[in-house]
Every structure is written in structure tokens, then in C-alpha cells.
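Right, one structure below, let's go through it.
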Amino acid sequence: MNRSQMIWVVLLLLGGSWLAWRATSMGAGRVFVVEERGTERLADGWEAAAGHARLSVSRTVGVWVAAFFTLATLSFLYRDNPLYKLAESVVVGVSAAYWMVVSFWTTLIPNLFGKLVPDWVNDWAMPDLSPVRDDEWLGYLVPLVLGGMLLWRLAPRGNWIARWPLAFIVGTTAGIRLVGFIQADFVNQVRATIRPLVVAQEEARARGVFQLDVGDTISNIMLVIGVFACLVYFFFSVEHKGAVGKVAKLGTWYLMITFGAAFGYTVMGRIALLALRLEFLFDDWLWLIDTRGARPPDWTGWW
Amino acid sequence: MKRTIPLFITAIGGFVLVLAVFSPYTESWGEEAAIWFDILAAIAFVLGGGNLLKMHLKKISDRQAGWGYSAVTVVSFMVMLYVGLVKWGSPPAANQEHYGEVFVPLKLDELPLAYSAEGDLPTPPSEEPLPASVRRQVSSSPGLVRFTGWMDASQRRALREYHPGRAWHAVVERLYEQAQPPEPVRERAKYYADQEVLAYQGRMTAEARDALLALAHTPAWHRAVTQLYEASQREARVQVQAPARLTPELLAGISPDLAYDPGQGQLVCRGPMTLDVRRRLIEAGLPAIQWDVARGEELAAGLAERGPLSTAQRQAIEAVSRRLAALGQTSEAEAVLELFRELAVAGPLSTQQRDFLLAPYRASFPWRAAVDRLFLAVHQQKYRWSGDYRAEGTPFWWLYEYAMKPLTATMFAMLAFYVASAAFRAFRAKNVEATLLLATAFIILLGRTFAGQLLTGWLPDWLGWLRIDRISAEIMSVYNTAGTRAIMIGIALGIASTSLKVLLGIDRSYLGSDRE
């Protein structure tokens with residue numbers, strides 16, 4: 001064992017001992033539940049301290065598992081390692097299955113089988129679904145067949161069969177986006193840019209007097225100029241020289257401000273996520289902090 | 001066939017959706033195509049899962065490098081898929097369980113209760129078929145309209161709304177008057193045509209059973225009523241110490257099917273229990289009290305006898321007492337829990353003080369739990385699979401909550417480090433553009449945090465426009481909006497042209513090569 005390995009082993013042993021101490025003496029990472037009408041409801045430390053809630057073994061194990069996965073993922077910051085790979089493998093497996101299950105219960109059952117065989121679906125899964133078939137139920141054989149053809153991609157031969165459903169997906173996506181983007185992102189954005197370049201103060205206007213609202217006027221002018229300049233920058237059919245070049249240059253400045261703002265927001269979003277993970281580790285797992293006031297202050301979890 | 005038909009499908013699918021926007025007649029086509037798209041997108045997830053499985057199983061079978069991780073992926077995939085598809089541990093949907101009722105299956109065509117009224121089934125102006133809620137129960141022949149089963153108020157309303165004609169409304173009213181359970185069971189007996197079940201609320205008496213049996217003499221009806229009668233007689237007992245105020249009269253007032261056996265110390269219920277009875281029974285054991293300041297003082301004295309009570313704790317008792325007294329009637333258990341929260345925050349409590357304070361709260365648990373157990377014991381489960389697959393406490397929820405969520409959230413959170421590190425390496429104010437980007441990011445970050453307020457919050461009002469939060473808001477509403485808007489217009493034009501190229505068959509890249 002070399003020096004580096006030795007240091008790691010010592011660090012891990014110390015960390016593990018400290019965790020064991022936190023868990024046994026302080027009750028850290030424990031989750032409590034209350035049973036109501038045959039189901040479990042998450043309880044806070046107050047209910048547990050009052051003696052009402054009981055310890056949930058599965059949820060307590062869950063908090064420790066979640067903490068392990070969080071630390072395993074963060075370990076990638078040091079370098080790629082088996083723990084990170086393990087976490088990565090788990091997330092790939094559970095995510096794929098999660099979305100399969102979601103699509104099965106939220107789309108395939110109500111929208112496909114619920115249309116084709118509503119009485120069967122009504123009988124076991126959705127008692128609130130009418131067992132009467134719609135008049136157009138036969139039409140749902142089309143997505144069923146197309147779906148079967150899509151799954152043909154898993155077969156070693158005849159991959160071209162999957163092109164038919166793929167063509168439908170591409171076609172409908174194109175159709176939805178063609179209209180959707182023209183409406184929402186083109187027409188509406190152009191409409192929103194058509195603003196008055198001279199803005200009167202509302203109060204003065206109500207009195208029948210014209211008084212310039214300097215702030216709004218400048219903002220509107222800068223906005224209209226900005227949209228125009230950015231669009232000129234994106235217009236590559238004309239060489240960016242002379243006046244066009246100057247306007248395009250102004251457009252790049254606007255775009256740089258936009259990218260700067262987007263960058264700022266992205267960083268903030270990620271840091272907020274990181275803060276949530278740290279909160280989970282220090283609050284829910286280790287009980288070092290209590291951000292939600294979920295536990296009595298002098299409670300060790302063992303009253 | 002390999003390329004031409006897909007091109008046609010693409011064009012038809014896309015143009016139908018485009019047409020649906022312009023023509024009201026084709027609007028429903030668009031909706032239908034959108035549902036088909038959703039179905040195919042859902043099946044694409046199945047394809048994705050299948051591909052993942054195929055790829056990783058091959059890796060395991062070939063013993064390729066890292067096959068152990070593939071095994072972990074396969075196992076986690078299979079476990080998550082299984083527990084999600086079978087809804088393992090998911091309780092039935094509360095709104096589908098018809099608490100307080102018992103069910104027995106009875107096919108609609110075996111139901112001998114048919115009522116008729118003279119009249120004709122009209123064709124509504126919209127030419128729509130009969131509402132789904134009554135379609136199976138209504139039939140007609142020239143001059144006669146028939147209704148099978150008992151009609152409830154919502155079905156009556158649906159039928160009336162089917163056609164505005166007064167003659168039709170008269171037919172509906174005549175049918176509604178006839179198609180009702182007999183008087184002794186009017187409010188309790190039901191027939192759910194969609195589920196094809198005969199239902200009864202509460203415990204069925206022998207008189208009620210005889211009244212139902214007298215309605216028809218077919219074997220199926222006789223069997224259904226007899227089974228319903230037997231199902232409604234289910235008796236359950238739970239061991240519990242009844243609260244002192246729970247008299248037989250009080251119990252009978254809540255429901256005649258409830259009783260307390262003092263000899264055995266058991267609470268007894270015969271027949272299914274409704275949610276209302278359950279609530280009233282719990283409340284009967286946990287009476288509401290009127291809190292007053294004197295009660296608070298009494299409590300403070302009791303606590304002081306059992307250990308030290310700080311001034312802050314005494315003040316907390318006073319404050320909570322005043323608040324509770326202002327509320328009027330309140331549950332003693334809840335009031336005590338609220339006091340406990342305030343007191344524990346105000347200072348430490350000894351074990352004796354805690355036990356004394358929480359005694360009424362703790363006394364309420366066994367009663368609540370017993371009523372819950374009794375409620376479930378007499379309940380007949382109707383639809384085991386009707387629950388939410390993501391219900392809290394299920395293995396599927398567990399895997400999502402404690403594996404998928406922390407893993408994905410931490411992976412995204414890690415980007416904070418990489419973004420910061422990339423920014424540190426790449427950001428240099430070398431020219432105007434880079435300076436603008438850097439300064440904007442800096443201002444936005446500061447403007448949305450306390451640091452921004454701290455740095456420039458002291459500026460006087462006439463220099464208010466220099467405050468970082470104001471500058472940040474101005475950047476977002478004017479400069480950022482201008483840039484984003486231009487980008488969005490560009491994207492919209494790009495997507496529109498790309499979509500047109502796809503629909504017109506100019507762009508065929510999605511079809512792949514002709515090799516197969």
C-alpha cells in the first residue's frame with residue numbers, strides 16, 4: 001500500500017466512523033412515518049419526538065442510498081472512478097425504465113388500449129373509463145400497427161419497416177412545429193416588438209397633458225433597435241460592410257449581453273441545484289442543519 | 001415502398017396538422033394525429049428500453065470491458081420496470097374504491113330491471129351519439145324508450161342535455177321516476193353500468209334484501225342480491241380501549257352498525273364503513289375542546305412541578321394559549337402538539353415534562369389507529385390496480401425518490417463546477433464583446449443574490465438606477481429581451497423552412513441510407 005492509498009484508507013475510515021457515530025448517537029438519516037388509512041405519510045421530527053410517528057426502515061435506507069449516490073456522483077469531480085461508474089449505470093437503467101413505465105401508464109393504457117379495448121381497461125386499471133368504445137376506435141389500430149413496426153428496429157433484419165412510423169413521427173413533428181413556431185416565435189415576437197417609440201406618462205395623459213415618459217421611451221427605442229440590429233447580424237445574404245456592418249456589430253453587442261445573461265442564469269440554476277443537494281446531505285442525511293425546522297432543537301432521535 | 005411510402009406518410013401527417021389550424025372541419029383530424037403521435041412517442045420509449053437492454057446484454061454476453069456496469073444497468077432497469085408496470089404496493093385509487101359500499105358483479109344483460117316510457121329517441125342537432133354514461137343502458141324501439149338499471153341524477157342530467165326538446169325531457173322525467181330503487185333501499189342500492197356491478201351502501205338488512213329480491217325472479221338477480229347481502233354482513237373487531245365519553249348512544253348516533261364490547265374491549269363494525277362515519281368516529285374519541293388561558297396556566301404549573309420552566313417557555317405557553325383561545329373549538333391533541341413545538345423551541349424539556357405535556361396527544365394514537373384498522377377490515381377492495389403507479393411508499397416511488405432523483409439532480413448540479421471552471425479559463429475581457437458578456441453575467445449573478453443588495457442597496461433614491469438589482473432588471477427586460485427575441489425569430493424561420501423541406505420531401509435525411 002503506497003502513501004496515497006494509505007491516506008485514502010485513513011480518511012475513509014475516519015469518515016465512516018464519524019457517520020456511524022452520527023447515525024447511532026444522533027439518529028441521523030432517520031425517516032419517520034405515520035400510518036393513515038392503510039398508507040404511510042411522511043412525518044416530521046416533531047411527530048416522531050412526540051411519540052406518534054414510527055421509524056420507516058425502507059425510507060431510512062433510502063436516505064442513505066440517496067446520500068451514497070450523491071457522493072458517488074460528486075466523486076467524479078476528483079476523477080473518473082468505479083463509484084461514479086456504478087452511479088452512472090444505475091441512473092441509465094432506472095431512467096430508461098422510469099420513462100417506459102410513465103409512457104405505459106399515462107399514454108399507452110388510456111390513449112391506446114383505452115380506445116381499442118375500453119371494457120378490458122375499465123375492468124382492471126381504470127374503473128372511471130367508460131367501457132363504451134368511441135365510434136372512431138378503429139382508427140387507433142393505425143398507431144398500434146405503426147408502433148409494432150417501430151419496435152421492428154429491435155429485429156436483426158428489416159430495419160426499413162421502422163421507417164413508416166418514423167416518417168409519421170417526423171411528419172407530425174414538422175407539422176406541429178411549422179405552425180407552432182410561426183405562431184409563437186415569429187408572429188408573436190414581431191408583434192411584441194412593435195412598441196410605441198414615444199411613450200407618454202399615463203397620469204399626465206389622464207389629465208389630458210402630454211408628458212414624456214423618458215425611461216419607457218428609451219427602453220422601447222433600445223429594444224426595437226436591438227431586435228433590428230440582431231436580425232441584421234443574422235442576415236447573411238448581405239455582406240456585413242459599411243452601414244450594415246455597423247448595425248450588425250451593434251447586434252453582436254446585444255447578443256453578447258443576451259449570452260451573458262443566459263450564462264448568469266445557467267450558473268445560478270446549477271448552483272441552486274448544488275445547494276439543494278448539499279441541503280439534502282447536511283439536513284436530511286446528517287442532521288447537521290435544520291432548514292425547515294423539522295426537528296426539536298435538542299432532539300437526538302432517541303427520546 | 002421503402003422510401004416512397006414513408007415520404008407520403010410524412011407529408012400527410014404533417015399537412016393534416018397544418019390544415020387543422022386553418023380549417024375547423026379538420027380540427028379533429030389534427031387532434032387525432034397528435035394523439036397518434038403521443039402513442040408512437042410512448043412506444044419509442046419502449047424501443048429505447050429495448051435497445052438499451054439489447055446493447056447491454058450483448059456487452060455482458062461478450063464479456064466486454066465494463067460488463068459488470070452493464071449488469072448493474074440491466075438489473076436496475078429490470079427492477080424499476082417490473083415494480084412500475086405491476087404497480088407493486090400501490091394502494092387502490094381512493095376515488096374509485098366507493099368506501100362504505102359493497103360490490104358484486106352483475107352483467108348488464110343479466111340485470112332484470114328495465115323501465116320504459118312512451119316516446120322516441122331523438123337525434124340531437126349535433127348528431128352526436130348518446131352520452132357515454134347512459135349509452136349502454138338506453139335502447140329504443142318505435143314509440144318506446146327503455147332504460148336498464150337505476151338512473152342517477154347525473155345520468156338524468158346527461159339525458160336531458162342530449163336534446164333540448166320538451167317531449168324528450170318529458171320522456172326522461174318519466175324514465176327517471178320509474179328507474180329508481182324501491183323505497184326501503186332508495187338511497188343505498190346502486191347499479192354501476194360502466195363497471196357492471198350491483199352495489200349497496202352500508203349493512204343490508206333482511207328487509208332491504210327482501211325488497212330487492214322482490215324486484216325480479218331471475219337466478220342471476222337472486223344470486224347477486226344474496227351475495228351482496230352476505231358481503232355487506234362482514235363484521236370486524238379491533239382491540240382498543242374506548243374513550244370514556246364514548247357511550248353506546250353516541251356510537252349508535254354515528255352509525256347503527258357500530259358497537260363497543262366492553263367485556264372484550266373491542267370496537268365492532270358490521271358492514272362497510274363510509275368515510276364520513278370513520279371521520280365522526282375518530283372525532284367522537286378525540287373531542288374538540290375550548291382552550292382558555294386558565295388551561296394554559298394549569299399546564300404551566302404542571303410543567304413547573306416536573307422540571308425547570310424558563311421565562312421564554314412560560315411566555316410561549318401564554319402566547320399559544322391566547323392563540324388557541326381565539327380559535328374557539330380545537331382538537332386537544334393538535335393543541336398539545338402545537339404547544340410542544342413552541343415550548344421545545346423556547347428551551348429544553350425534561351422527560352417528565354414531555355410525558356406530562358404530550359399525554360393527551362399520545363392517548364389519541366391508539367384510538368385513531370384502531371378506527372383506521374376497523375375501517376380497512378370491513379372495506380371490500382374494489383380495484384387493486386386502479387392506484388397511482390407513483391404512489392408514495394411504493395418500490396417504484398422509492399427507486400425514483402432515492403436513486404433516480406438524487407443521481408440526476410447531482411449530475412446537473414455538478415455542471416456548476418464545470419461552468420465555473422470553464423468560465424474561469426475562458427473569460428477574458430479581451431475586446432468589447434467579451435467585456436459585455438463578462439460584465440452582464442457578473443451583474444445578473446449579483447443582481448439576483450443578497451450580495452447585490454448589500455453592495456448597492458445603500459445608494460440614495462436619486463441614484464437608484466445604479467443599484468445592481470435595477471440594472472439587472474433593465475438588462476433582462478430590454479437588452480436580453482431584444483437578443484432573445486431576434487434569436488427566437490431566427491429559430492422560428494429556420495424551423496419553418498426545415499419543416500417545409502421535410503414535408504415536401506426535399507430533406508430525406510431521416511430515412512437513412514438505401515442499404516437495406
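By convention in this document, the chains of the C-alpha cells carry letters A, B, ... by their order, each chain's residues are numbered from 1, and ligands are numbered from 1 in the order they are shown.
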When DSSP works through the backbone of this structure, what residues of stretch 115-202 of chain A end up as alpha helix (DSSP H), shown as a ChimeraX atom specification? /A:115-116,118-124,141-151,163-181,188-193,202
Test item: residues at most 9 Å from stretch 163-173 of chain B, only C-alpha atoms, excluding those fewer than 4 positions along its chain, as JSON, numbers by chain: {"B": [117, 118, 119, 120, 121, 122, 123, 124, 125, 145, 156, 159, 177, 178]}
If you count only C-alpha atoms, which residues fall within 12 Å of B:Val75, apart from same-chain ones fewer than 3 positions away, as a PDB file with N, CA and C atoms, in the first residue's frame?
ATOM      1  N   LEU A  86     -20.594   3.210 -11.246  1.00  0.00           N
ATOM      2  CA  LEU A  86     -21.738   2.473 -10.692  1.00  0.00           C
ATOM      3  C   LEU A  86     -22.981   3.372 -10.680  1.00  0.00           C
ATOM      4  N   SER A  89     -24.289   3.832 -14.148  1.00  0.00           N
ATOM      5  CA  SER A  89     -25.006   2.655 -14.660  1.00  0.00           C
ATOM      6  C   SER A  89     -26.414   2.586 -14.082  1.00  0.00           C
ATOM      7  N   VAL A  90     -26.523   2.911 -12.792  1.00  0.00           N
ATOM      8  CA  VAL A  90     -27.841   2.854 -12.157  1.00  0.00           C
ATOM      9  C   VAL A  90     -28.761   3.901 -12.767  1.00  0.00           C
ATOM     10  N   VAL A  91     -28.249   5.118 -12.955  1.00  0.00           N
ATOM     11  CA  VAL A  91     -29.127   6.178 -13.455  1.00  0.00           C
ATOM     12  C   VAL A  91     -29.592   5.866 -14.885  1.00  0.00           C
ATOM     13  N   VAL A  92     -28.736   5.242 -15.676  1.00  0.00           N
ATOM     14  CA  VAL A  92     -29.140   4.883 -17.039  1.00  0.00           C
ATOM     15  C   VAL A  92     -30.286   3.863 -16.989  1.00  0.00           C
ATOM     16  N   GLY A  93     -30.107   2.833 -16.157  1.00  0.00           N
ATOM     17  CA  GLY A  93     -31.126   1.785 -16.062  1.00  0.00           C
ATOM     18  C   GLY A  93     -32.448   2.302 -15.528  1.00  0.00           C
ATOM     19  N   VAL A  94     -32.399   3.019 -14.405  1.00  0.00           N
ATOM     20  CA  VAL A  94     -33.667   3.448 -13.800  1.00  0.00           C
ATOM     21  C   VAL A  94     -34.356   4.520 -14.645  1.00  0.00           C
ATOM     22  N   ALA A  96     -34.298   4.880 -17.969  1.00  0.00           N
ATOM     23  CA  ALA A  96     -34.940   4.255 -19.145  1.00  0.00           C
ATOM     24  C   ALA A  96     -36.232   3.561 -18.711  1.00  0.00           C
ATOM     25  N   ALA A  97     -36.145   2.819 -17.594  1.00  0.00           N
ATOM     26  CA  ALA A  97     -37.344   2.107 -17.126  1.00  0.00           C
ATOM     27  C   ALA A  97     -38.407   3.086 -16.654  1.00  0.00           C
TER      28      ALA A  97
ATOM     29  N   LEU B  52     -31.618  -0.454 -25.139  1.00  0.00           N
ATOM     30  CA  LEU B  52     -30.680  -0.410 -24.010  1.00  0.00           C
ATOM     31  C   LEU B  52     -30.391  -1.822 -23.514  1.00  0.00           C
ATOM     32  N   LEU B  53     -31.473  -2.596 -23.392  1.00  0.00           N
ATOM     33  CA  LEU B  53     -31.350  -3.966 -22.913  1.00  0.00           C
ATOM     34  C   LEU B  53     -30.503  -4.799 -23.884  1.00  0.00           C
ATOM     35  N   HIS B  56     -26.735  -3.763 -23.737  1.00  0.00           N
ATOM     36  CA  HIS B  56     -26.020  -4.147 -22.520  1.00  0.00           C
ATOM     37  C   HIS B  56     -25.949  -5.661 -22.354  1.00  0.00           C
ATOM     38  N   LEU B  57     -27.004  -6.360 -22.804  1.00  0.00           N
ATOM     39  CA  LEU B  57     -26.948  -7.830 -22.711  1.00  0.00           C
ATOM     40  C   LEU B  57     -25.850  -8.372 -23.623  1.00  0.00           C
ATOM     41  N   ILE B  60     -22.591  -7.858 -21.911  1.00  0.00           N
ATOM     42  CA  ILE B  60     -22.390  -8.849 -20.835  1.00  0.00           C
ATOM     43  C   ILE B  60     -22.033 -10.198 -21.438  1.00  0.00           C
ATOM     44  N   GLY B  68     -19.545  -5.540 -16.039  1.00  0.00           N
ATOM     45  CA  GLY B  68     -20.167  -5.532 -14.715  1.00  0.00           C
ATOM     46  C   GLY B  68     -21.100  -4.337 -14.555  1.00  0.00           C
ATOM     47  N   TYR B  69     -20.669  -3.181 -15.084  1.00  0.00           N
ATOM     48  CA  TYR B  69     -21.523  -1.989 -15.004  1.00  0.00           C
ATOM     49  C   TYR B  69     -22.777  -2.180 -15.861  1.00  0.00           C
ATOM     50  N   SER B  70     -22.607  -2.894 -16.988  1.00  0.00           N
ATOM     51  CA  SER B  70     -23.779  -3.185 -17.831  1.00  0.00           C
ATOM     52  C   SER B  70     -24.773  -4.048 -17.058  1.00  0.00           C
ATOM     53  N   ALA B  71     -24.214  -4.979 -16.273  1.00  0.00           N
ATOM     54  CA  ALA B  71     -25.106  -5.846 -15.474  1.00  0.00           C
ATOM     55  C   ALA B  71     -25.888  -4.994 -14.474  1.00  0.00           C
ATOM     56  N   VAL B  72     -25.209  -4.001 -13.881  1.00  0.00           N
ATOM     57  CA  VAL B  72     -25.897  -3.108 -12.933  1.00  0.00           C
ATOM     58  C   VAL B  72     -27.013  -2.359 -13.658  1.00  0.00           C
ATOM     59  N   MET B  78     -34.455  -3.554 -15.057  1.00  0.00           N
ATOM     60  CA  MET B  78     -35.491  -4.580 -14.918  1.00  0.00           C
ATOM     61  C   MET B  78     -36.303  -4.388 -13.628  1.00  0.00           C
ATOM     62  N   VAL B  79     -35.596  -4.068 -12.551  1.00  0.00           N
ATOM     63  CA  VAL B  79     -36.293  -3.897 -11.262  1.00  0.00           C
ATOM     64  C   VAL B  79     -37.271  -2.723 -11.354  1.00  0.00           C
ATOM     65  N   MET B  80     -36.767  -1.590 -11.871  1.00  0.00           N
ATOM     66  CA  MET B  80     -37.616  -0.393 -11.964  1.00  0.00           C
ATOM     67  C   MET B  80     -38.811  -0.663 -12.878  1.00  0.00           C
ATOM     68  N   LEU B  81     -38.559  -1.342 -13.978  1.00  0.00           N
ATOM     69  CA  LEU B  81     -39.622  -1.631 -14.945  1.00  0.00           C
ATOM     70  C   LEU B  81     -40.683  -2.537 -14.321  1.00  0.00           C
ATOM     71  N   TYR B  82     -40.223  -3.563 -13.643  1.00  0.00           N
ATOM     72  CA  TYR B  82     -41.166  -4.523 -13.074  1.00  0.00           C
ATOM     73  C   TYR B  82     -42.061  -3.873 -12.012  1.00  0.00           C
TER      74      TYR B  82
END
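With only C-alpha atoms as the atoms that count, the minimum distance from chain A to the choices B:Glu338, B:Glu332, B:Glu249, B:Asp210 is reached by B:Glu338.
Comparing A:Glu88, A:Leu255, A:Val170, A:Trp46 by their smallest distance to A:Phe76, the closest is A:Glu88 (using only C-alpha atoms).
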Excluding same-chain residues fewer than 3 positions from A:Trp164, what lies within 10 Å of it counting only C-alpha atoms, as a PyMOL selection string? (chain A and resi 146-147+149-150+160-161+167-170) or (chain B and resi 1-10+511)
At a cut-off of 12 Å, using only C-alpha atoms, what residues contact A:Ala243? Leave out same-chain residues fewer than 4 positions from it and give the result as a ChimeraX atom specification. /A:229,232-233,238-239,247-250
Would you pick out the contacts of A:Val57 at 8 Å or less, using only C-alpha atoms, so that residues sharing its chain but fewer than 3 positions from it are not included, and give the list as number ranges by chain? A: 31, 60-61
Can you tell me how far atom CA of A:Val132 sits from atom CA of B:Glu196, in Å to one decimal? 12.1 Å
When you draw a straight line from atom CA of B:Trp88 to atom CA of A:Glu35, how long is it in Å? 18.2 Å
Contacts of A:Leu71 at 10 Å (only C-alpha atoms; same-chain gap of 6+ positions) as a ChimeraX atom specification: /A:65,83-84,87,277,281 /B:406-407,410
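Taking only C-alpha atoms into account, A:Leu42 lies nearest to B:Gly393 out of the set B:Gly393, B:Gly253, B:Pro262, B:Gly66.
Take atom CA of B:Arg306 and atom CA of B:Gln352: the distance between them is 5.9 Å.
The nearest approach to B:Phe427 among the residues B:Pro248, B:Val86, B:Arg390, B:Ala441, with only C-alpha atoms taken into account, belongs to B:Ala441.
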